[in-house]
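The block underneath contains the structure these notes are about, expressed in structure tokens.
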Amino acid sequence: STERPLFAIREFERAARDRLDPVHHDYFAGGAQDEHTVRANESAFAAINLVPRVLRGAEPPSLEVNLLGCSATMPVLLAPTAFHRLAHPEAELATARAAAAAGVIMTVAMLSTVAVERIAEEARAVLGGADPGLWFQLYPQPDEELTRALVRRAESAGCRALVVTVDSAALGRHERNDRNDFHQLPDHVQCENLRGLGGSDSGDVRRVTLSPEISWRHIEKLREMTRMPIVLKGVLHPADARLAVEGGVDAIFVSNHGGRQLDTTPASITQLPLLAEEVGGRVPLLLDGGVRRGTDVVKALALGADAVALGRPIVWGLAADGADGVAKVLGLMRSELDNALALCGVATPKEITRDLVSLP
Ligand code: FNR
């Protein structure tokens with residue numbers, strides 16, 4: 001376990017760096033090209049001010065929310081991040097235990113290094129057999145049968161929503177990986193969700209295709225394939241948000257993939273109000289990218305998000321101290337959010353209104 005207590009999520013970043021192979025650290029921390037968007041995600045949150053109300057006589061804060069039929073103890077989810085085995089030997093099993101114990105929704109990555117069934121089993125065990133409400137992230141594949149097999153797999157594992165990543169028509173250019181010549185996973189790190197699918201027993205990540213041919217037609221196909229709610233992840237343009245709502249998706253995940261895909265996109269928090277206006281409350285909005293503080297969560301909710309998600313902070317917690325590290329990251333977020341709500345004069349996430357923030 002970590003030698004000394006850590007008091008802020010950003011401190012876990014340093015603890016993780018001390019433990020990780022520097023090449024793997026670069027994979028987790030890095031982004032596309034000049035990493036402008038990686039930095040913008042965090043700095044845009046810092047540039048927004050909170051304008052609290054006082055003397056509201058509010059109840060002590062309650063953080064509970066319901067998202068697409070899943071109840072959660074706070075409006076903070078785990079974003080899908082690939083290859084947890086690079087961060088810790090217990091990989092996604094450790095992450096899942098911490099998420100389940102905290103009562104938060106974990107989005108299992110299609111590129112997880114433990115199979116989704118095992119992750120679900122581990123999470124259920126923590127809850128004495130109750131449904132952990134896992135979500136499953138999918139990169140839609142040009143090979144329809146492979147897509148269908150992955151969807152079936154997620155469904156039979158009990159996943160409650162399908163998070164379809166749509167910002168990946170190609171892989172972003174990660175120059176840190178190029179410099180480190182990191183283009184192949186170690187043999188013991190395999191994409192376990194691919195095994196047994198499409199007539200192959202290989203978990204080789206090279207079976208996955210990120211293709212510019214993916215279109216709205218593939219989303220319609222997914223709609224026909226499953227009754228799981230569909231969340232489109234990686235939407236930044238208001239016109240796409242409109243098409244998504246008109247196309248019947250169940251939620252929109254405002255995200256620039258943590259600055260790992262197209263560099264120089266706006267920070268997701270900067271773009272959120274435009275999408276919120278376009279969507280007008282017709283579907284829930286989620287946001288990720290640069291959320292590091294409880295105050296960031298309040299800002300995102302004030303600007304129209306129903307919940308936020310954490311990408312790198314979960315990986316830092318996992319690398320620093322396995323399930324305990326993830327639990328500590330989630331615990332810090334919960335206590336900071338609780339504190340921020342009280343200081344804003346608000347008792348529940350639903351009471352967070354637009355007037356509590358002032359934009360730069
Ligand atoms: C990701 N992200 C991601 N997204 C996705 O849809 N599928 C994936 O497999 C991955 N893998 C992945 C790996 C790593 C190491 C990172 C850091 C990110 C993106 C992730 O879901 C999320 O959008 C961002 O991480 C959010 O930004 P922060 O919280 O990392 O700033």
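The way I read the labels, and the way they are meant: chains A, B, ... in the order of the structure tokens, residue 1 as the first residue of every chain, and ligand 1 as the first ligand shown, with later ones counted on from there.
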
Closest atom pairs, residues of chain A within 6 Å of ligand 1, only C-alpha atoms and all ligand atoms, as a tab-separated table:
residue	atom	partner	partner_atom_place_in_ligand_line	distance
A:Phe28	CA	ligand 1	15 (C)	3.8
A:Ala79	CA	ligand 1	21 (O)	4.4
A:Pro80	CA	ligand 1	21 (O)	4.2
A:Thr81	CA	ligand 1	11 (N)	3.6
A:Ala82	CA	ligand 1	11 (N)	4.2
A:Ala109	CA	ligand 1	9 (O)	5.2
A:Leu111	CA	ligand 1	9 (O)	5.5
A:Thr165	CA	ligand 1	6 (O)	4.9
A:Ser255	CA	ligand 1	23 (O)	5.6
A:His257	CA	ligand 1	23 (O)	3.6
A:Gly258	CA	ligand 1	27 (O)	3.5
A:Asp288	CA	ligand 1	26 (C)	4.7
A:Gly289	CA	ligand 1	27 (O)	3.3
A:Gly290	CA	ligand 1	31 (O)	3.7
A:Val291	CA	ligand 1	29 (O)	5.6
A:Leu310	CA	ligand 1	29 (O)	4.2
A:Gly311	CA	ligand 1	25 (O)	3.5
A:Arg312	CA	ligand 1	30 (O)	3.8

Task: Picked from range 15-256 of chain A by DSSP as strand (DSSP E), as number ranges by chain - done: A: 49-50, 65-67, 70-72, 76-78, 107-108, 135-138, 161-165, 230-235, 251-254

Give one line per residue of range 119-182 of chain A that approaches range 193-206 of chain A to at most 8 Å, naming the two atoms of the closest pair and their distance in Å to one decimal, counting only C-alpha atoms; sort by chain then ascending residue number and deliver it as a tab-separated table.
residue	atom	partner	partner_atom	distance
A:Glu145	CA	A:Gly198	CA	7.0
A:Leu146	CA	A:Gly198	CA	5.6
A:Ala149	CA	A:Leu197	CA	6.3
A:Leu150	CA	A:Asn193	CA	7.4
A:Arg153	CA	A:Asn193	CA	8.0

Output C-alpha atoms of each residue in that selection to a file, as a PDB file, in the first residue's frame.
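The new file result_18.pdb reads:
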ATOM      1  CA  GLU A 145     -20.667 -10.207 -36.470  1.00  0.00           C
ATOM      2  CA  LEU A 146     -17.807  -9.257 -34.160  1.00  0.00           C
ATOM      3  CA  ALA A 149     -20.794 -11.037 -30.460  1.00  0.00           C
ATOM      4  CA  LEU A 150     -19.381  -8.332 -28.173  1.00  0.00           C
ATOM      5  CA  ARG A 153     -21.255 -10.953 -24.379  1.00  0.00           C
TER       6      ARG A 153
END

Open item on the list: Please list as a PyMOL selection string every residue within 8 Å of range 31-34 of chain A, counting only C-alpha atoms and excluding residues in the same chain fewer than 4 positions away.
Closed with: chain A and resi 38+172-175+258-263

Let me see the file: selected residues, C-alpha atoms, as a CSV table (one decimal), in the first residue's frame.
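Resulting contents of result31.csv:
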chain,number,residue,atom,x,y,z
A,38,VAL,CA,-5.1,17.1,-22.3
A,172,GLY,CA,-5.1,9.3,-32.2
A,173,ARG,CA,-1.4,10.0,-32.7
A,174,HIS,CA,0.4,9.4,-29.5
A,175,GLU,CA,3.9,10.6,-30.0
A,258,GLY,CA,-9.1,12.8,-22.4
A,259,GLY,CA,-7.3,14.5,-25.2
A,260,ARG,CA,-6.1,11.2,-26.7
A,261,GLN,CA,-7.8,11.4,-30.1
A,262,LEU,CA,-8.0,14.7,-32.0
A,263,ASP,CA,-5.7,17.3,-30.5

Open item on the list: If you run DSSP on the backbone here, which positions in range 70-132 of chain A get helix (DSSP H, G or I)? Please write them as a PyMOL selection string.
Closed with: chain A and resi 84-86+91-102+116-126

Write a file of the selected residues as a compact mmCIF listing (two decimals), in the first residue's frame, keeping N, CA and C atoms.
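Writing the result to again.txt gives the following:
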# COMPACT_ATOMS: atom_id res chain seq x y z
N HIS A 84 -6.05 -2.34 -17.85
CA HIS A 84 -5.73 -2.12 -16.44
C HIS A 84 -4.59 -3.02 -15.94
N ARG A 85 -4.35 -4.14 -16.63
CA ARG A 85 -3.26 -5.02 -16.19
C ARG A 85 -1.89 -4.34 -16.32
N LEU A 86 -1.80 -3.33 -17.16
CA LEU A 86 -0.53 -2.58 -17.23
C LEU A 86 -0.31 -1.75 -15.97
N ALA A 91 -5.57 -5.94 -12.07
CA ALA A 91 -6.24 -5.37 -13.24
C ALA A 91 -7.67 -4.94 -12.93
N GLU A 92 -8.59 -5.19 -13.86
CA GLU A 92 -9.97 -4.71 -13.72
C GLU A 92 -10.70 -5.34 -12.54
N LEU A 93 -10.20 -6.46 -12.02
CA LEU A 93 -10.87 -7.05 -10.85
C LEU A 93 -10.74 -6.13 -9.65
N ALA A 94 -9.57 -5.51 -9.50
CA ALA A 94 -9.37 -4.57 -8.39
C ALA A 94 -10.24 -3.33 -8.59
N THR A 95 -10.27 -2.83 -9.80
CA THR A 95 -11.09 -1.64 -10.10
C THR A 95 -12.56 -1.92 -9.80
N ALA A 96 -13.01 -3.11 -10.23
CA ALA A 96 -14.43 -3.46 -10.08
C ALA A 96 -14.81 -3.60 -8.61
N ARG A 97 -13.92 -4.17 -7.81
CA ARG A 97 -14.23 -4.30 -6.37
C ARG A 97 -14.40 -2.93 -5.74
N ALA A 98 -13.49 -2.02 -6.06
CA ALA A 98 -13.56 -0.67 -5.46
C ALA A 98 -14.81 0.06 -5.92
N ALA A 99 -15.15 -0.06 -7.21
CA ALA A 99 -16.33 0.64 -7.73
C ALA A 99 -17.60 0.08 -7.09
N ALA A 100 -17.67 -1.23 -6.99
CA ALA A 100 -18.87 -1.86 -6.42
C ALA A 100 -19.02 -1.45 -4.95
N ALA A 101 -17.90 -1.49 -4.21
CA ALA A 101 -17.97 -1.14 -2.79
C ALA A 101 -18.40 0.32 -2.61
N ALA A 102 -18.02 1.17 -3.55
CA ALA A 102 -18.36 2.59 -3.46
C ALA A 102 -19.77 2.87 -4.01
N VAL A 116 -15.34 -9.53 -19.25
CA VAL A 116 -16.45 -8.80 -18.62
C VAL A 116 -17.24 -9.70 -17.67
N GLU A 117 -17.35 -10.98 -17.97
CA GLU A 117 -18.09 -11.90 -17.07
C GLU A 117 -17.39 -12.00 -15.72
N ARG A 118 -16.05 -12.08 -15.76
CA ARG A 118 -15.28 -12.18 -14.51
C ARG A 118 -15.38 -10.88 -13.72
N ILE A 119 -15.37 -9.75 -14.43
CA ILE A 119 -15.49 -8.45 -13.77
C ILE A 119 -16.84 -8.36 -13.07
N ALA A 120 -17.89 -8.79 -13.77
CA ALA A 120 -19.25 -8.73 -13.21
C ALA A 120 -19.36 -9.63 -11.98
N GLU A 121 -18.76 -10.80 -12.08
CA GLU A 121 -18.79 -11.77 -10.97
C GLU A 121 -18.11 -11.16 -9.74
N GLU A 122 -16.96 -10.54 -9.97
CA GLU A 122 -16.19 -9.94 -8.87
C GLU A 122 -16.99 -8.82 -8.20
N ALA A 123 -17.64 -7.99 -9.02
CA ALA A 123 -18.42 -6.87 -8.48
C ALA A 123 -19.63 -7.40 -7.71
N ARG A 124 -20.30 -8.41 -8.27
CA ARG A 124 -21.47 -8.99 -7.58
C ARG A 124 -21.08 -9.58 -6.23
N ALA A 125 -19.90 -10.20 -6.18
CA ALA A 125 -19.45 -10.82 -4.92
C ALA A 125 -19.33 -9.77 -3.82
N VAL A 126 -18.84 -8.58 -4.19
CA VAL A 126 -18.70 -7.50 -3.20
C VAL A 126 -20.08 -7.10 -2.66
